[in-house]
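Peer 1: Data file data-v7.cif (mmCIF, C-alpha atoms (C1' of nucleotides)) is appended below.
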```
data_input
loop_
_atom_site.label_atom_id
_atom_site.label_comp_id
_atom_site.auth_asym_id
_atom_site.auth_seq_id
_atom_site.Cartn_x
_atom_site.Cartn_y
_atom_site.Cartn_z
CA MET Q 1 -18.05 26.70 23.46
CA THR Q 2 -16.71 23.25 22.94
CA THR Q 3 -13.40 22.05 24.23
CA ALA Q 4 -10.53 22.93 21.94
CA ARG Q 5 -8.17 20.37 20.51
CA PRO Q 6 -6.29 18.83 23.43
CA LYS Q 7 -2.81 20.13 24.00
CA PRO Q 8 0.17 17.92 23.39
CA ARG Q 9 1.05 15.92 26.40
CA ALA Q 10 3.94 13.69 27.14
CA GLY Q 11 3.53 11.86 30.39
CA ALA Q 12 7.03 10.74 31.13
CA PRO Q 13 6.54 8.83 34.36
CA LYS Q 14 8.92 9.88 37.09
CA SER Q 15 10.81 6.94 38.43
CA GLY Q 16 9.57 7.50 41.94
CA HIS Q 17 5.95 8.22 41.09
CA ASN Q 18 3.05 6.63 42.87
CA HIS Q 19 2.07 4.09 40.31
CA ARG Q 20 -0.99 2.92 42.21
CA ALA Q 21 -2.46 6.27 41.35
CA CYS Q 22 -1.80 5.68 37.65
CA ILE Q 23 -3.64 2.39 37.82
CA ALA Q 24 -6.54 3.80 39.80
CA THR Q 25 -6.90 6.72 37.41
CA ALA Q 26 -6.83 4.47 34.39
CA LEU Q 27 -9.42 2.11 35.80
CA ALA Q 28 -11.70 4.92 36.85
CA ALA Q 29 -11.45 6.50 33.41
CA ALA Q 30 -12.24 3.16 31.82
CA GLU Q 31 -15.29 2.63 34.02
CA LYS Q 32 -16.57 6.06 33.16
CA LEU Q 33 -15.95 5.73 29.45
CA CYS Q 34 -17.57 2.33 29.17
CA ALA Q 35 -20.57 3.44 31.20
CA ALA Q 36 -21.00 6.45 28.93
CA ARG Q 37 -20.83 4.24 25.86
CA GLY Q 38 -23.02 1.45 27.14
CA GLU Q 39 -20.12 -0.98 26.91
CA GLN Q 40 -19.47 -3.63 29.51
CA LEU Q 41 -16.22 -3.39 31.39
CA THR Q 42 -16.53 -6.87 32.85
CA ALA Q 43 -14.40 -8.17 35.71
CA LEU Q 44 -12.15 -9.95 33.24
CA ARG Q 45 -11.67 -6.93 31.01
CA ARG Q 46 -11.05 -4.75 34.02
CA ARG Q 47 -8.47 -7.18 35.33
CA VAL Q 48 -6.66 -7.30 31.99
CA LEU Q 49 -6.61 -3.52 31.83
CA GLU Q 50 -5.19 -3.46 35.34
CA LEU Q 51 -2.45 -5.87 34.28
CA VAL Q 52 -1.61 -3.82 31.21
CA TRP Q 53 -1.25 -0.91 33.59
CA ALA Q 54 1.03 -2.85 35.92
CA GLY Q 55 3.80 -0.55 34.78
CA HIS Q 56 4.72 1.81 32.00
CA LYS Q 57 6.21 -0.99 29.97
CA PRO Q 58 4.39 -2.73 27.17
CA VAL Q 59 3.09 -6.13 28.26
CA GLY Q 60 2.78 -9.25 26.14
CA ALA Q 61 -0.48 -11.13 25.86
CA TYR Q 62 1.09 -14.27 27.26
CA GLN Q 63 2.49 -12.41 30.25
CA ILE Q 64 -1.06 -11.37 30.99
CA LEU Q 65 -2.21 -14.92 30.46
CA ASP Q 66 0.27 -16.25 32.99
CA ILE Q 67 -0.89 -13.79 35.62
CA LEU Q 68 -4.54 -14.55 34.98
CA ARG Q 69 -3.77 -18.21 35.53
CA GLY Q 70 -1.94 -17.26 38.70
CA ASP Q 71 -5.17 -15.60 39.81
CA GLY Q 72 -6.69 -19.05 39.88
CA ARG Q 73 -8.87 -18.15 36.94
CA SER Q 74 -9.28 -20.49 34.00
CA ALA Q 75 -7.65 -18.80 31.05
CA ALA Q 76 -6.47 -19.59 27.53
CA PRO Q 77 -5.07 -17.35 24.80
CA PRO Q 78 -8.49 -16.29 23.52
CA THR Q 79 -9.39 -15.17 27.03
CA VAL Q 80 -6.66 -12.57 26.86
CA TYR Q 81 -6.93 -11.64 23.21
CA ARG Q 82 -10.65 -11.07 23.42
CA ALA Q 83 -10.23 -8.79 26.38
CA LEU Q 84 -7.42 -6.95 24.64
CA ASP Q 85 -9.49 -6.61 21.48
CA PHE Q 86 -12.21 -4.98 23.51
CA LEU Q 87 -9.81 -2.64 25.25
CA LEU Q 88 -8.20 -1.73 21.92
CA ALA Q 89 -11.59 -1.05 20.36
CA GLN Q 90 -12.46 1.25 23.25
CA GLY Q 91 -9.13 3.02 22.94
CA LEU Q 92 -8.16 2.03 26.47
CA VAL Q 93 -4.97 0.32 25.38
CA HIS Q 94 -2.64 0.59 22.42
CA ARG Q 95 -0.77 -2.11 20.64
CA VAL Q 96 2.98 -1.63 20.28
CA GLU Q 97 3.73 -3.24 16.95
CA SER Q 98 7.48 -3.36 17.27
CA LEU Q 99 7.20 -5.35 20.49
CA ASN Q 100 4.03 -7.37 19.90
CA ALA Q 101 2.83 -5.99 23.18
CA PHE Q 102 0.21 -3.74 24.74
CA ILE Q 103 0.24 -0.63 26.87
CA GLY Q 104 -2.41 1.45 28.59
CA CYS Q 105 -3.54 4.69 27.02
CA PRO Q 106 -3.10 7.58 29.44
CA HIS Q 107 -5.90 9.66 28.00
CA PRO Q 108 -8.59 7.46 26.52
CA GLY Q 109 -11.69 8.96 25.04
CA GLU Q 110 -9.89 12.03 23.82
CA THR Q 111 -8.76 12.62 20.27
CA HIS Q 112 -5.02 12.54 20.25
CA ALA Q 113 -1.97 11.76 18.20
CA THR Q 114 -0.13 8.67 19.34
CA GLN Q 115 3.58 8.09 19.18
CA PHE Q 116 5.78 6.02 21.44
CA LEU Q 117 9.26 6.56 22.75
CA ILE Q 118 10.46 3.13 23.80
CA CYS Q 119 13.58 2.78 25.92
CA SER Q 120 15.43 -0.35 24.97
CA ARG Q 121 17.31 -0.26 28.23
CA CYS Q 122 14.57 -0.04 30.84
CA GLY Q 123 11.65 -1.04 28.63
CA THR Q 124 9.55 1.99 29.46
CA ALA Q 125 7.34 3.31 26.69
CA VAL Q 126 6.11 6.87 26.85
CA GLU Q 127 3.11 7.87 24.81
CA LEU Q 128 3.45 11.19 23.06
CA ASP Q 129 0.65 13.30 21.66
CA ASP Q 130 2.58 15.37 19.20
CA ALA Q 131 0.41 17.03 16.62
CA GLY Q 132 3.48 18.23 14.73
CA ILE Q 133 4.57 14.71 13.87
CA ASP Q 134 1.10 13.85 12.68
CA LYS Q 135 0.98 17.03 10.65
CA ALA Q 136 4.21 16.14 8.91
CA ILE Q 137 2.84 12.70 8.11
CA ASP Q 138 -0.50 14.10 6.96
CA GLY Q 139 1.16 16.47 4.54
CA THR Q 140 3.27 13.83 2.90
CA ALA Q 141 0.43 11.35 2.69
CA ALA Q 142 -1.80 13.99 1.14
CA ARG Q 143 0.80 14.80 -1.50
CA MET Q 144 0.88 11.11 -2.38
CA GLY Q 145 -2.89 10.91 -2.57
CA PHE Q 146 -2.87 8.46 0.29
CA VAL Q 147 -5.80 8.36 2.72
CA ILE Q 148 -4.63 7.54 6.21
CA ALA Q 149 -6.49 5.02 8.30
CA ALA Q 150 -3.96 4.30 11.04
CA ARG Q 151 -0.53 5.38 12.13
CA THR Q 152 2.28 3.49 13.82
CA VAL Q 153 5.06 5.71 15.12
CA GLU Q 154 7.39 3.90 17.47
CA ILE Q 155 10.78 5.33 18.29
CA SER Q 156 13.25 3.17 20.13
CA GLY Q 157 16.35 4.38 21.89
CA THR Q 158 17.47 5.40 25.34
CA CYS Q 159 15.37 7.48 27.70
CA ALA Q 160 16.72 10.44 29.64
CA GLU Q 161 16.81 8.57 32.89
CA CYS Q 162 18.74 5.59 31.54
CA ARG Q 163 21.09 7.88 29.68
CA GLY Q 164 21.91 9.61 32.96
CA ARG Q 165 23.09 6.39 34.52
CA MET B 1 33.01 18.37 -2.37
CA THR B 2 31.14 15.51 -0.85
CA THR B 3 27.72 14.46 -1.94
CA ALA B 4 24.97 16.42 -0.25
CA ARG B 5 22.21 14.85 1.76
CA PRO B 6 20.04 12.86 -0.66
CA LYS B 7 16.81 14.50 -1.68
CA PRO B 8 13.51 13.11 -0.49
CA ARG B 9 12.24 10.48 -2.77
CA ALA B 10 8.99 8.62 -2.86
CA GLY B 11 9.00 5.84 -5.35
CA ALA B 12 5.37 5.11 -5.82
CA PRO B 13 5.48 2.26 -8.30
CA LYS B 14 3.24 2.77 -11.27
CA SER B 15 0.89 -0.12 -11.73
CA GLY B 16 2.16 -0.85 -15.21
CA HIS B 17 5.86 -0.47 -14.52
CA ASN B 18 8.44 -2.97 -15.67
CA HIS B 19 9.06 -4.73 -12.44
CA ARG B 20 11.86 -6.89 -13.80
CA ALA B 21 13.88 -3.71 -13.95
CA CYS B 22 13.18 -3.05 -10.25
CA ILE B 23 14.47 -6.48 -9.36
CA ALA B 24 17.52 -6.21 -11.58
CA THR B 25 18.39 -2.81 -10.18
CA ALA B 26 18.00 -4.00 -6.61
CA LEU B 27 20.15 -7.06 -7.16
CA ALA B 28 22.83 -5.08 -8.93
CA ALA B 29 22.91 -2.51 -6.14
CA ALA B 30 23.19 -5.31 -3.58
CA GLU B 31 26.07 -6.95 -5.42
CA LYS B 32 27.89 -3.68 -5.61
CA LEU B 33 27.29 -2.75 -1.99
CA CYS B 34 28.35 -6.12 -0.62
CA ALA B 35 31.45 -6.17 -2.80
CA ALA B 36 32.40 -2.73 -1.54
CA ARG B 37 31.94 -3.83 2.05
CA GLY B 38 33.61 -7.19 1.72
CA GLU B 39 30.37 -8.95 2.60
CA GLN B 40 29.26 -12.12 0.92
CA LEU B 41 26.06 -11.93 -1.06
CA THR B 42 25.75 -15.70 -1.38
CA ALA B 43 23.41 -17.45 -3.76
CA LEU B 44 20.95 -18.02 -0.95
CA ARG B 45 20.99 -14.42 0.22
CA ARG B 46 20.69 -13.21 -3.32
CA ARG B 47 17.72 -15.47 -3.92
CA VAL B 48 15.98 -14.29 -0.76
CA LEU B 49 16.54 -10.69 -1.75
CA GLU B 50 15.09 -11.46 -5.16
CA LEU B 51 12.02 -12.98 -3.52
CA VAL B 52 11.57 -9.99 -1.25
CA TRP B 53 11.62 -7.91 -4.39
CA ALA B 54 9.04 -10.10 -6.12
CA GLY B 55 6.69 -7.13 -5.80
CA HIS B 56 6.22 -3.92 -3.91
CA LYS B 57 4.32 -5.69 -1.18
CA PRO B 58 5.89 -6.76 2.08
CA VAL B 59 6.60 -10.49 2.11
CA GLY B 60 6.43 -12.83 5.08
CA ALA B 61 9.35 -15.04 6.03
CA TYR B 62 7.28 -18.16 5.58
CA GLN B 63 6.14 -17.11 2.13
CA ILE B 64 9.80 -16.92 1.23
CA LEU B 65 10.39 -20.26 2.86
CA ASP B 66 7.67 -21.90 0.76
CA ILE B 67 9.18 -20.57 -2.45
CA LEU B 68 12.68 -21.68 -1.49
CA ARG B 69 11.32 -25.15 -0.92
CA GLY B 70 9.63 -24.94 -4.29
CA ASP B 71 13.06 -24.23 -5.74
CA GLY B 72 14.03 -27.73 -4.72
CA ARG B 73 16.35 -26.33 -2.09
CA SER B 74 16.42 -27.68 1.41
CA ALA B 75 15.13 -24.94 3.67
CA ALA B 76 13.89 -24.43 7.20
CA PRO B 77 12.89 -21.29 9.08
CA PRO B 78 16.47 -20.43 10.10
CA THR B 79 17.49 -20.59 6.45
CA VAL B 80 15.20 -17.68 5.74
CA TYR B 81 15.68 -15.72 8.94
CA ARG B 82 19.44 -15.83 8.70
CA ALA B 83 19.35 -14.54 5.16
CA LEU B 84 16.90 -11.83 6.16
CA ASP B 85 19.05 -10.87 9.13
CA PHE B 86 21.97 -10.40 6.80
CA LEU B 87 19.95 -8.35 4.36
CA LEU B 88 18.57 -6.22 7.18
CA ALA B 89 22.06 -5.65 8.57
CA GLN B 90 23.23 -4.50 5.15
CA GLY B 91 20.23 -2.22 4.80
CA LEU B 92 19.06 -4.09 1.72
CA VAL B 93 15.64 -4.84 3.15
CA HIS B 94 13.43 -3.31 5.82
CA ARG B 95 11.18 -5.02 8.27
CA VAL B 96 7.58 -3.86 8.35
CA GLU B 97 6.65 -4.26 11.99
CA SER B 98 2.94 -3.85 11.62
CA LEU B 99 2.81 -6.74 9.14
CA ASN B 100 5.61 -8.97 10.41
CA ALA B 101 6.97 -8.86 6.91
CA PHE B 102 9.89 -7.64 4.83
CA ILE B 103 10.32 -5.36 1.86
CA GLY B 104 13.24 -4.35 -0.30
CA CYS B 105 14.92 -1.01 0.23
CA PRO B 106 14.90 1.03 -2.98
CA HIS B 107 18.03 2.99 -2.14
CA PRO B 108 20.36 0.93 0.03
CA GLY B 109 23.68 2.32 1.09
CA GLU B 110 22.41 5.87 1.25
CA THR B 111 21.47 7.66 4.41
CA HIS B 112 17.75 8.20 4.32
CA ALA B 113 14.68 8.58 6.42
CA THR B 114 12.33 5.61 6.21
CA GLN B 115 8.59 5.70 6.44
CA PHE B 116 6.04 3.42 4.85
CA LEU B 117 2.66 4.08 3.34
CA ILE B 118 0.90 0.74 3.35
CA CYS B 119 -2.26 0.27 1.34
CA SER B 120 -4.57 -2.11 3.12
CA ARG B 121 -6.48 -2.69 -0.08
CA CYS B 122 -3.77 -3.70 -2.56
CA GLY B 123 -1.03 -4.46 -0.05
CA THR B 124 1.51 -2.19 -1.68
CA ALA B 125 3.96 -0.47 0.63
CA VAL B 126 5.75 2.64 -0.57
CA GLU B 127 8.90 3.73 1.17
CA LEU B 128 9.13 7.42 1.80
CA ASP B 129 12.26 9.38 2.57
CA ASP B 130 10.72 12.38 4.24
CA ALA B 131 13.19 14.39 6.27
CA GLY B 132 10.38 16.57 7.62
CA ILE B 133 8.78 13.68 9.47
CA ASP B 134 12.11 12.69 10.97
CA LYS B 135 12.76 16.29 11.94
CA ALA B 136 9.48 16.48 13.79
CA ILE B 137 10.31 13.26 15.61
CA ASP B 138 13.86 14.38 16.37
CA GLY B 139 12.66 17.62 17.92
CA THR B 140 10.20 15.96 20.23
CA ALA B 141 12.62 13.23 21.24
CA ALA B 142 15.29 15.83 21.97
CA ARG B 143 12.91 17.78 24.20
CA MET B 144 12.29 14.59 26.14
CA GLY B 145 16.00 13.88 26.46
CA PHE B 146 15.49 10.71 24.46
CA VAL B 147 18.31 9.42 22.24
CA ILE B 148 16.92 7.78 19.13
CA ALA B 149 18.31 4.47 17.93
CA ALA B 150 15.63 3.38 15.49
CA ARG B 151 12.37 4.62 14.06
CA THR B 152 9.27 2.80 12.97
CA VAL B 153 6.84 4.92 10.99
CA GLU B 154 4.19 2.88 9.22
CA ILE B 155 1.07 4.52 7.91
CA SER B 156 -1.76 2.32 6.75
CA GLY B 157 -4.65 3.41 4.62
CA THR B 158 -5.67 3.52 0.99
CA CYS B 159 -3.31 4.43 -1.83
CA ALA B 160 -4.21 6.84 -4.59
CA GLU B 161 -4.64 4.11 -7.15
CA CYS B 162 -7.01 2.03 -5.03
CA ARG B 163 -8.93 5.11 -4.01
CA GLY B 164 -9.52 5.89 -7.68
CA ARG B 165 -11.24 2.58 -8.27
"C1'" DG Y 1 -40.77 -20.30 27.42
"C1'" DG Y 2 -37.71 -19.45 24.00
"C1'" DA Y 3 -35.17 -16.69 20.61
"C1'" DA Y 4 -31.35 -13.60 20.24
"C1'" DC Y 5 -27.23 -11.80 21.92
"C1'" DG Y 6 -22.98 -11.03 24.36
"C1'" DG Y 7 -19.30 -12.87 27.11
"C1'" DC Y 8 -16.52 -16.47 28.20
"C1'" DG Y 9 -14.62 -21.51 28.36
"C1'" DT Y 10 -12.28 -24.91 25.73
"C1'" DT Y 11 -9.73 -27.27 22.17
"C1'" DA Y 12 -7.15 -27.12 18.31
"C1'" DT Y 13 -4.32 -24.99 15.06
"C1'" DA Y 14 -2.05 -21.28 12.39
"C1'" DG Y 15 1.63 -18.07 11.99
"C1'" DT Y 16 6.13 -15.99 13.46
"C1'" DA Y 17 10.80 -16.52 15.32
"C1'" DT Y 18 14.91 -18.46 17.64
"C1'" DA Y 19 18.04 -21.85 20.24
"C1'" DA Y 20 21.24 -25.31 19.77
"C1'" DC Y 21 24.00 -28.37 17.52
"C1'" DA Y 22 25.97 -30.48 13.19
"C1'" DT Y 23 28.19 -30.11 8.71
"C1'" DA Y 24 30.77 -28.12 4.92
"C1'" DC Y 25 33.99 -25.36 2.98
"C1'" DA Y 26 37.53 -21.67 2.52
"C1'" DT Y 27 41.57 -19.42 4.35
"C1'" DG Y 28 45.76 -18.83 6.63
"C1'" DA Y 29 49.38 -20.58 10.19
"C1'" DC Y 30 52.67 -23.69 11.12
"C1'" DG O 1 50.11 -31.22 4.24
"C1'" DT O 2 47.28 -30.68 8.06
"C1'" DC O 3 45.52 -28.19 11.51
"C1'" DA O 4 42.93 -24.40 13.47
"C1'" DT O 5 39.75 -20.83 12.58
"C1'" DG O 6 35.79 -18.55 10.82
"C1'" DT O 7 31.69 -18.17 8.09
"C1'" DA O 8 27.63 -20.06 5.90
"C1'" DT O 9 24.29 -23.38 5.86
"C1'" DG O 10 21.72 -27.74 7.27
"C1'" DT O 11 18.84 -29.79 10.74
"C1'" DT O 12 15.96 -30.56 14.71
"C1'" DA O 13 13.44 -28.89 18.21
"C1'" DT O 14 11.02 -25.47 20.56
"C1'" DA O 15 9.32 -20.87 21.97
"C1'" DC O 16 6.37 -17.13 21.17
"C1'" DT O 17 2.24 -14.81 19.10
"C1'" DA O 18 -2.49 -15.09 17.40
"C1'" DT O 19 -6.95 -16.91 15.73
"C1'" DA O 20 -10.70 -20.39 14.28
"C1'" DA O 21 -14.42 -22.95 15.74
"C1'" DC O 22 -17.61 -24.75 18.80
"C1'" DG O 23 -20.20 -24.86 23.12
"C1'" DC O 24 -22.12 -23.12 27.49
"C1'" DC O 25 -24.29 -19.74 30.25
"C1'" DG O 26 -26.71 -15.78 31.64
"C1'" DT O 27 -29.49 -11.69 30.33
"C1'" DT O 28 -32.96 -9.34 27.73
"C1'" DC O 29 -36.91 -8.95 25.20
"C1'" DC O 30 -40.95 -10.64 23.12
#
```
Taking this structure as input, can you express it in the form of structure tokens?
Peer 2:
Amino acid sequence: MTTARPKPRAGAPKSGHNHRACIATALAAAEKLCAARGEQLTALRRRVLELVWAGHKPVGAYQILDILRGDGRSAAPPTVYRALDFLLAQGLVHRVESLNAFIGCPHPGETHATQFLICSRCGTAVELDDAGIDKAIDGTAARMGFVIAARTVEISGTCAECRGR
Amino acid sequence: MTTARPKPRAGAPKSGHNHRACIATALAAAEKLCAARGEQLTALRRRVLELVWAGHKPVGAYQILDILRGDGRSAAPPTVYRALDFLLAQGLVHRVESLNAFIGCPHPGETHATQFLICSRCGTAVELDDAGIDKAIDGTAARMGFVIAARTVEISGTCAECRGR
DNA sequence: GGAACGGCGTTATAGTATAACATACATGAC
DNA sequence: GTCATGTATGTTATACTATAACGCCGTTCC
């Protein structure tokens, strides 16, 4: 039998978690996915993905650019945007529209719903995979005769950890 | 008794509708709302609102700026952004994050859910007021201990009318 | 070899948004 | 009356975000 629809996940990063492991996992998954697809995860693209994964906060393209330049590498805006376009096309990163920023996808290569809970206090964005939200959207769109191509669901507020403080 | 929670509405504009009426209604509602709140709907703010309501498509700030200049008025980016900030604060317009653009709110002053169906073919954006979608989001956020401050739900795709063509 | 392609460098420019300071006008205090 | 205050707008400059266009280089394939 084939794998069933993936279960909802909500990877709220613990504040004390070993983030190096997050990065390593993400890079390994990206290598594997690109290899399987015959796509080239070049050194530049890999580095940009690593920078997007620097934390669980969405990162702006120009923040990435500054770091690339700090690497000693020659870089201009298209350097970053082209790499991001590739990573977006491969589903390795998501764009956060309400912040004009980018964040790593914690489970690339798998079909999943995508919603974000964005804490305006600490900046952390958690990716949800809530089929119920998508279902609700699907139903309404269907009633309107609207064919969905893409969804943007970004909820801003205060995360549990910040609220506790 | 007090007025109950407003019913879901979804004002899909008919292609042949009398849009002048939409504009007139929106401006009248804005006048009324601002008067009730003691806020000043100045000539500039009124004009910007009118321009946002030029159609049912989200409008960019610089599109508005160009038209204001065409009016013979002196205008610079802050002219437009300040007016838009006011209109946003009063709930008279919404910002469409995925387009960096603005659209008039069809029922200002009433509590309502806000989602957009954005047709990538004709550019029309329809505002939904679907409590079910918000409910689904609320539930998931609550389970995560997340306190919601604002929601962005923007669905892009093809509207019924464009699909028919 | 050389044509075709993908990835990246480089320069320039387009598009979106805000900071900071100046001006104008209305209102109310004295 | 005029002075202080507050709000709205004018004005200039700049920051931030994104893409167009062209060229170079290396690989692959014939």
Peer 1: Using only C-alpha atoms (C1' of nucleotides), determine which residues of chain B fall within 9 Å of chain Y; present them as a PDB file with C-alpha atoms, in the frame of the given file.
Peer 2:
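Resulting contents of selection_4.pdb:
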```pdb
ATOM      1  CA  GLY B  60       6.430 -12.830   5.080  1.00  0.00           C
ATOM      2  CA  ALA B  61       9.350 -15.040   6.030  1.00  0.00           C
ATOM      3  CA  TYR B  62       7.280 -18.160   5.580  1.00  0.00           C
ATOM      4  CA  PRO B  77      12.890 -21.290   9.080  1.00  0.00           C
ATOM      5  CA  PRO B  78      16.470 -20.430  10.100  1.00  0.00           C
ATOM      6  CA  TYR B  81      15.680 -15.720   8.940  1.00  0.00           C
ATOM      7  CA  ASN B 100       5.610  -8.970  10.410  1.00  0.00           C
TER       8      ASN B 100
END
```
Peer 1: So what does the PyMOL selection byres ((chain Q) within 6 of (chain B)) actually pick up in this one, as a VMD selection string?
Peer 2: chain Q and resid 97 to 98 133 136 145 to 160
Peer 1: What is the distance, in Å and to one decimal place, between CA of Arg20 (chain Q) and CA of His94 (chain Q)?
Peer 2: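 So the two atoms, CA of Arg20 (chain Q) and CA of His94 (chain Q), lie 20.0 Å apart.
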Peer 1: Expressed in Å to a single decimal, how great is the separation between CA of Ala29 (chain B) and CA of Gly55 (chain B)?
Peer 2: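 A separation of 16.9 Å between them.
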Peer 1: Define the interface residues of chain O facing chain B as those within 10 Å, counting only C-alpha atoms (C1' of nucleotides), and report them as an MDAnalysis selection string.
Peer 2: chainID O and resid 7:12
Peer 1: Expand the PyMOL selection byres ((chain Q and resi 58) around 8) into the individual residues it matches in the shown file, reporting them as a ChimeraX atom specification.
Peer 2: /Q:52,55-57,59-60,96,99,101-103,123-125
Peer 1: In Å, how far is it from CA of Glu39 (chain B) to CA of Ala24 (chain B)?
Peer 2: 19.3 Å
Peer 1: With only C-alpha atoms (C1' of nucleotides) counted, which protein, DNA or RNA residues have an atom no more than 12 Å from (-9.3, -5.7, 31.1) in the file frame? Please answer as a PyMOL selection string.
Peer 2: chain Q and resi 23+26-27+30-31+34+40-54+61+64-65+68+79-93+102-104
